[in-house]
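Coordinates from final.pdb are shown below (PDB, C-alpha atoms, pLDDT in the B column).
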```pdb
MODEL        1
ATOM      1  CA  MET G 848     -20.513  14.176 -21.426  1.00 65.00           C
ATOM      2  CA  LYS G 849     -23.571  16.051 -20.289  1.00 81.00           C
ATOM      3  CA  ARG G 850     -22.095  18.227 -17.602  1.00 87.00           C
ATOM      4  CA  LYS G 851     -18.650  19.600 -16.911  1.00 92.00           C
ATOM      5  CA  PRO G 852     -17.315  19.493 -13.353  1.00 93.00           C
ATOM      6  CA  SER G 853     -17.708  22.686 -11.395  1.00 94.00           C
ATOM      7  CA  THR G 854     -14.722  24.915 -10.762  1.00 95.00           C
ATOM      8  CA  GLU G 855     -14.819  23.750  -7.129  1.00 95.00           C
ATOM      9  CA  ALA G 856     -14.852  20.052  -8.083  1.00 94.00           C
ATOM     10  CA  THR G 857     -11.949  20.611 -10.468  1.00 95.00           C
ATOM     11  CA  ALA G 858     -10.004  22.466  -7.768  1.00 96.00           C
ATOM     12  CA  ALA G 859     -10.663  19.591  -5.331  1.00 94.00           C
ATOM     13  CA  TRP G 860      -9.434  17.082  -7.934  1.00 95.00           C
ATOM     14  CA  ILE G 861      -6.220  19.033  -8.524  1.00 96.00           C
ATOM     15  CA  ARG G 862      -5.558  19.313  -4.790  1.00 96.00           C
ATOM     16  CA  LEU G 863      -6.252  15.613  -4.266  1.00 94.00           C
ATOM     17  CA  MET G 864      -3.772  14.612  -6.984  1.00 95.00           C
ATOM     18  CA  ARG G 865      -1.105  17.037  -5.771  1.00 97.00           C
ATOM     19  CA  VAL G 866      -1.366  16.119  -2.111  1.00 96.00           C
ATOM     20  CA  GLN G 867      -1.276  12.407  -2.906  1.00 94.00           C
ATOM     21  CA  SER G 868       1.882  12.856  -4.942  1.00 95.00           C
ATOM     22  CA  ARG G 869       3.582  15.113  -2.402  1.00 96.00           C
ATOM     23  CA  VAL G 870       2.757  12.996   0.638  1.00 95.00           C
ATOM     24  CA  LEU G 871       3.756   9.748  -1.069  1.00 94.00           C
ATOM     25  CA  ASP G 872       7.035  11.319  -2.192  1.00 96.00           C
ATOM     26  CA  ALA G 873       7.695  12.581   1.349  1.00 96.00           C
ATOM     27  CA  VAL G 874       6.951   9.164   2.862  1.00 96.00           C
ATOM     28  CA  GLU G 875       9.210   7.481   0.283  1.00 96.00           C
ATOM     29  CA  GLN G 876      12.001   9.900   1.211  1.00 96.00           C
ATOM     30  CA  GLU G 877      11.531   9.160   4.926  1.00 95.00           C
ATOM     31  CA  LEU G 878      11.847   5.432   4.257  1.00 96.00           C
ATOM     32  CA  LYS G 879      14.896   5.999   2.057  1.00 96.00           C
ATOM     33  CA  LYS G 880      16.570   8.151   4.743  1.00 96.00           C
ATOM     34  CA  ALA G 881      15.945   5.349   7.257  1.00 96.00           C
ATOM     35  CA  GLY G 882      17.726   2.926   4.904  1.00 97.00           C
ATOM     36  CA  PHE G 883      14.651   1.020   3.772  1.00 97.00           C
ATOM     37  CA  PRO G 884      13.525  -0.122   0.326  1.00 97.00           C
ATOM     38  CA  PRO G 885      10.597   1.529  -1.496  1.00 95.00           C
ATOM     39  CA  LEU G 886       7.116   1.792  -0.031  1.00 95.00           C
ATOM     40  CA  ALA G 887       5.788  -0.789  -2.512  1.00 95.00           C
ATOM     41  CA  TRP G 888       7.954  -3.413  -0.808  1.00 96.00           C
ATOM     42  CA  TYR G 889       6.360  -2.601   2.534  1.00 96.00           C
ATOM     43  CA  GLU G 890       2.878  -2.690   1.041  1.00 94.00           C
ATOM     44  CA  ALA G 891       3.448  -6.098  -0.577  1.00 96.00           C
ATOM     45  CA  LEU G 892       4.954  -7.527   2.606  1.00 96.00           C
ATOM     46  CA  PHE G 893       2.116  -6.040   4.657  1.00 95.00           C
ATOM     47  CA  GLU G 894      -0.523  -7.634   2.410  1.00 94.00           C
ATOM     48  CA  LEU G 895       1.269 -10.996   2.525  1.00 95.00           C
ATOM     49  CA  SER G 896       1.684 -10.796   6.304  1.00 93.00           C
ATOM     50  CA  ARG G 897      -2.011 -10.229   6.877  1.00 92.00           C
ATOM     51  CA  ALA G 898      -3.117 -12.999   4.509  1.00 91.00           C
ATOM     52  CA  PRO G 899      -4.461 -15.927   6.566  1.00 85.00           C
ATOM     53  CA  SER G 900      -1.510 -18.227   5.830  1.00 85.00           C
ATOM     54  CA  GLY G 901       1.022 -15.587   4.759  1.00 81.00           C
ATOM     55  CA  GLU G 902       0.500 -16.432   1.117  1.00 87.00           C
ATOM     56  CA  MET G 903      -1.404 -14.977  -1.795  1.00 92.00           C
ATOM     57  CA  ARG G 904      -1.770 -15.580  -5.468  1.00 92.00           C
ATOM     58  CA  PRO G 905       0.001 -12.839  -7.463  1.00 92.00           C
ATOM     59  CA  VAL G 906      -3.340 -11.660  -8.864  1.00 91.00           C
ATOM     60  CA  GLU G 907      -4.666 -11.179  -5.313  1.00 91.00           C
ATOM     61  CA  LEU G 908      -1.619  -9.110  -4.428  1.00 92.00           C
ATOM     62  CA  GLU G 909      -2.131  -6.974  -7.553  1.00 92.00           C
ATOM     63  CA  ARG G 910      -5.754  -6.386  -6.581  1.00 90.00           C
ATOM     64  CA  GLN G 911      -4.935  -5.453  -2.986  1.00 89.00           C
ATOM     65  CA  MET G 912      -2.136  -3.092  -3.972  1.00 89.00           C
ATOM     66  CA  LEU G 913      -3.980  -1.601  -6.969  1.00 85.00           C
ATOM     67  CA  ILE G 914      -1.030  -2.156  -9.289  1.00 88.00           C
ATOM     68  CA  PRO G 915      -0.847  -3.660 -12.785  1.00 89.00           C
ATOM     69  CA  GLN G 916       0.298  -7.248 -13.356  1.00 88.00           C
ATOM     70  CA  TYR G 917       3.699  -6.318 -14.788  1.00 88.00           C
ATOM     71  CA  SER G 918       4.501  -4.166 -11.743  1.00 92.00           C
ATOM     72  CA  ALA G 919       3.429  -6.924  -9.376  1.00 91.00           C
ATOM     73  CA  SER G 920       5.580  -9.467 -11.236  1.00 93.00           C
ATOM     74  CA  ARG G 921       8.677  -7.271 -10.989  1.00 96.00           C
ATOM     75  CA  LEU G 922       7.982  -6.497  -7.330  1.00 96.00           C
ATOM     76  CA  ILE G 923       7.544 -10.181  -6.502  1.00 96.00           C
ATOM     77  CA  ASP G 924      10.801 -10.959  -8.356  1.00 96.00           C
ATOM     78  CA  ARG G 925      12.647  -8.395  -6.212  1.00 97.00           C
ATOM     79  CA  LEU G 926      11.141  -9.694  -2.970  1.00 97.00           C
ATOM     80  CA  VAL G 927      12.070 -13.266  -3.912  1.00 97.00           C
ATOM     81  CA  ASP G 928      15.608 -12.229  -4.938  1.00 97.00           C
ATOM     82  CA  GLU G 929      16.058 -10.579  -1.514  1.00 97.00           C
ATOM     83  CA  GLY G 930      14.743 -13.615   0.370  1.00 98.00           C
ATOM     84  CA  LEU G 931      11.692 -11.710   1.645  1.00 97.00           C
ATOM     85  CA  ALA G 932       9.209 -13.933  -0.179  1.00 97.00           C
ATOM     86  CA  VAL G 933       9.177 -17.253  -2.003  1.00 96.00           C
ATOM     87  CA  ARG G 934       7.150 -18.546  -4.911  1.00 93.00           C
ATOM     88  CA  ARG G 935       5.343 -21.815  -4.419  1.00 90.00           C
ATOM     89  CA  GLU G 936       3.538 -23.895  -6.990  1.00 87.00           C
ATOM     90  CA  CYS G 937      -0.166 -24.442  -6.407  1.00 78.00           C
ATOM     91  CA  LYS G 938      -0.706 -28.154  -5.737  1.00 73.00           C
ATOM     92  CA  ILE G 939      -4.207 -28.113  -7.239  1.00 74.00           C
ATOM     93  CA  ASP G 940      -3.468 -26.006 -10.312  1.00 72.00           C
ATOM     94  CA  LYS G 941       0.107 -26.707 -11.426  1.00 66.00           C
ATOM     95  CA  ARG G 942       0.099 -23.587 -13.608  1.00 73.00           C
ATOM     96  CA  GLY G 943      -0.818 -21.365 -10.670  1.00 81.00           C
ATOM     97  CA  GLN G 944       1.467 -20.159  -7.952  1.00 90.00           C
ATOM     98  CA  PHE G 945       1.445 -18.572  -4.542  1.00 92.00           C
ATOM     99  CA  VAL G 946       3.756 -15.987  -3.055  1.00 94.00           C
ATOM    100  CA  ASP G 947       4.654 -16.659   0.586  1.00 94.00           C
ATOM    101  CA  ILE G 948       6.223 -14.154   2.951  1.00 96.00           C
ATOM    102  CA  THR G 949       9.387 -15.406   4.663  1.00 96.00           C
ATOM    103  CA  GLU G 950      10.443 -14.714   8.239  1.00 96.00           C
ATOM    104  CA  ALA G 951      12.954 -12.183   6.872  1.00 97.00           C
ATOM    105  CA  GLY G 952      10.068 -10.527   5.017  1.00 97.00           C
ATOM    106  CA  ARG G 953       8.002 -10.358   8.206  1.00 96.00           C
ATOM    107  CA  GLU G 954      10.907  -8.808  10.074  1.00 97.00           C
ATOM    108  CA  LEU G 955      11.543  -6.165   7.393  1.00 97.00           C
ATOM    109  CA  GLN G 956       7.827  -5.347   7.259  1.00 96.00           C
ATOM    110  CA  ARG G 957       7.767  -4.804  11.036  1.00 96.00           C
ATOM    111  CA  LYS G 958      10.862  -2.590  10.949  1.00 96.00           C
ATOM    112  CA  MET G 959       9.573  -0.584   7.997  1.00 96.00           C
ATOM    113  CA  GLY G 960       6.193  -0.247   9.718  1.00 95.00           C
ATOM    114  CA  THR G 961       7.777   1.777  12.486  1.00 95.00           C
ATOM    115  CA  ALA G 962       9.390   4.213  10.038  1.00 96.00           C
ATOM    116  CA  TYR G 963       6.245   4.306   7.909  1.00 95.00           C
ATOM    117  CA  SER G 964       4.069   5.162  10.907  1.00 95.00           C
ATOM    118  CA  ALA G 965       6.434   7.948  11.903  1.00 96.00           C
ATOM    119  CA  ALA G 966       6.280   9.333   8.353  1.00 96.00           C
ATOM    120  CA  ILE G 967       2.476   9.223   8.342  1.00 95.00           C
ATOM    121  CA  GLU G 968       2.402  11.084  11.633  1.00 96.00           C
ATOM    122  CA  LYS G 969       4.886  13.663  10.368  1.00 96.00           C
ATOM    123  CA  HIS G 970       3.204  14.307   7.021  1.00 96.00           C
ATOM    124  CA  VAL G 971      -0.472  13.731   7.854  1.00 95.00           C
ATOM    125  CA  GLY G 972      -1.230  13.161  11.535  1.00 95.00           C
ATOM    126  CA  SER G 973       0.586  16.246  12.775  1.00 96.00           C
ATOM    127  CA  LYS G 974      -1.312  18.413  10.287  1.00 96.00           C
ATOM    128  CA  LEU G 975      -4.851  17.152  11.020  1.00 96.00           C
ATOM    129  CA  SER G 976      -6.776  16.856  14.248  1.00 95.00           C
ATOM    130  CA  ASP G 977      -8.452  13.499  14.811  1.00 94.00           C
ATOM    131  CA  ALA G 978     -11.785  15.179  14.020  1.00 95.00           C
ATOM    132  CA  ASP G 979     -10.350  16.555  10.752  1.00 96.00           C
ATOM    133  CA  ALA G 980      -9.031  13.090   9.866  1.00 93.00           C
ATOM    134  CA  VAL G 981     -12.477  11.570  10.458  1.00 93.00           C
ATOM    135  CA  LYS G 982     -14.052  14.248   8.233  1.00 94.00           C
ATOM    136  CA  LEU G 983     -11.465  13.635   5.527  1.00 93.00           C
ATOM    137  CA  CYS G 984     -12.112   9.887   5.671  1.00 91.00           C
ATOM    138  CA  GLY G 985     -15.821  10.572   5.294  1.00 92.00           C
ATOM    139  CA  LEU G 986     -15.235  12.752   2.253  1.00 92.00           C
ATOM    140  CA  LEU G 987     -12.914  10.205   0.666  1.00 91.00           C
ATOM    141  CA  ASP G 988     -15.434   7.446   1.404  1.00 92.00           C
ATOM    142  CA  ARG G 989     -17.990   9.418  -0.608  1.00 92.00           C
ATOM    143  CA  LEU G 990     -15.547   9.242  -3.533  1.00 89.00           C
ATOM    144  CA  GLY G 991     -15.408   5.449  -3.187  1.00 87.00           C
ATOM    145  CA  CYS G 992     -12.200   5.221  -1.204  1.00 77.00           C
ATOM    146  CA  THR G 993     -13.416   3.194   1.757  1.00 70.00           C
ATOM    147  CA  CYS G 994     -11.163   0.936   3.750  1.00 65.00           C
ATOM    148  CA  ASP G 995     -12.073  -1.527   6.441  1.00 58.00           C
ATOM    149  CA  ASP G 996     -11.755  -0.690  10.128  1.00 50.00           C
ATOM    150  CA  ALA G 997      -9.029  -3.310  10.557  1.00 43.00           C
ATOM    151  CA  ALA G 998      -6.786  -1.422   8.150  1.00 52.00           C
ATOM    152  CA  VAL G 999      -7.487   1.842   9.973  1.00 47.00           C
ATOM    153  CA  LEU G1000      -6.653   0.264  13.320  1.00 46.00           C
ATOM    154  CA  ALA G1001      -3.554  -1.364  11.863  1.00 50.00           C
ATOM    155  CA  ALA G1002      -2.426   2.033  10.624  1.00 47.00           C
ATOM    156  CA  ARG G1003      -3.049   3.518  14.052  1.00 43.00           C
ATOM    157  CA  ASP G1004      -1.066   0.755  15.716  1.00 49.00           C
ATOM    158  CA  GLY G1005       2.009   1.154  13.561  1.00 50.00           C
ATOM    159  CA  VAL G1006       1.450  -1.142  10.627  1.00 46.00           C
ATOM    160  CA  ALA G1007       0.112   1.452   8.257  1.00 46.00           C
ATOM    161  CA  VAL G1008      -1.304   0.770   4.851  1.00 45.00           C
ATOM    162  CA  ARG G1009      -1.583   3.060   1.849  1.00 43.00           C
TER     163      ARG G1009
ENDMDL
END
```
Represent the structure of the file as structure tokens.
Amino acid sequence: MKRKPSTEATAAWIRLMRVQSRVLDAVEQELKKAGFPPLAWYEALFELSRAPSGEMRPVELERQMLIPQYSASRLIDRLVDEGLAVRRECKIDKRGQFVDITEAGRELQRKMGTAYSAAIEKHVGSKLSDADAVKLCGLLDRLGCTCDDAAVLAARDGVAVR
């Protein structure tokens, strides 16, 4: 390593890690208080619901959610056990499979989306002006954390994504 991060860059890193942890924990607690399952369930259902046919290969879901394969497998198992998703064999590649969202999964995702949006507003939106939020997005984009406009609009309209 040629250069150490500045004191300011290190302080920014620490704040970024702490705020991510605190806000995610607060959002999880809001969902729990509302009687919903963990945020990861919502995220998986959200990704499946916005897939063109409501289905994805497990590896695509892992990539979208930024989680390791073993976590995705366990999450998919739970969603299937609860009737929120189903596994379907790929007709072309018999070894492959798809995960499809069910109507019950779509309904839970919509209900959770309302509570999730309220939690985002409580823990982020109420603390930042729209101009501050745009600045923060710009700074995070510089760190490689870009998201498409559709996801931003979805978040604004009550189907937030992490």
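Those residues that approach Ala873 (chain G) to within 10 Å, counting all atoms listed in the file, are Gln867, Lys879, Ala966, Ile967, Lys969 and His970 of chain G; same-chain residues fewer than 6 positions away are not listed.
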- the PyMOL selection byres ((chain G and resi 919-930) around 9) resolved against shown file, as a ChimeraX atom specification: /G:887-888,891-892,905-906,908-909,912,914-918,931-934,946,948-949,951-952
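Using only C-alpha atoms, the shortest contact distance between Glu877 (chain G) and any of G:Thr857, G:Ser964, G:Ser896, G:Thr993 is found at G:Ser964.
Shortest separation to Gln944 (chain G) among G:Ala881, G:Met903, G:Leu983, G:Leu913 occurs at residue G:Met903, atoms counted being only C-alpha atoms.
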Might I get the box with edges along x, y and z of the file that holds all atoms of region 981-989 of chain G listed there, padded by 8 Å on every side, given as centre and edge lengths in Å to one decimal, as AutoDock Vina command-line options?
```
--center_x -14.7 --center_y 10.8 --center_z 4.9 --size_x 22.5 --size_y 22.8 --size_z 27.1
```
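Closest approach to Gly882 (chain G) from the set G:Arg910, G:Ser973, G:Val981, G:Leu955 is made by G:Leu955, with distances taken over all atoms listed in the file.
Using all atoms listed in the file, the residues found no farther than 8 Å from Gly943 (chain G), other than those of its own chain fewer than 4 positions away, are Arg904, Glu936 and Cys937 of chain G.
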Only C-alpha atoms, please: the residues just picked out, written as a PDB file, in the frame of the given file.
```
ATOM      1  CA  ARG G 904      -1.770 -15.580  -5.468  1.00 92.00           C
ATOM      2  CA  GLU G 936       3.538 -23.895  -6.990  1.00 87.00           C
ATOM      3  CA  CYS G 937      -0.166 -24.442  -6.407  1.00 78.00           C
TER       4      CYS G 937
END
```
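Atom pair CA of Gln911 (chain G) / CA of Tyr889 (chain G): separated by 12.9 Å.
Note that CA of Phe883 (chain G) and CA of Ala962 (chain G) are 8.8 Å apart.
The coordinates place CA of Leu871 (chain G) at 12.8 Å from CA of Glu968 (chain G).
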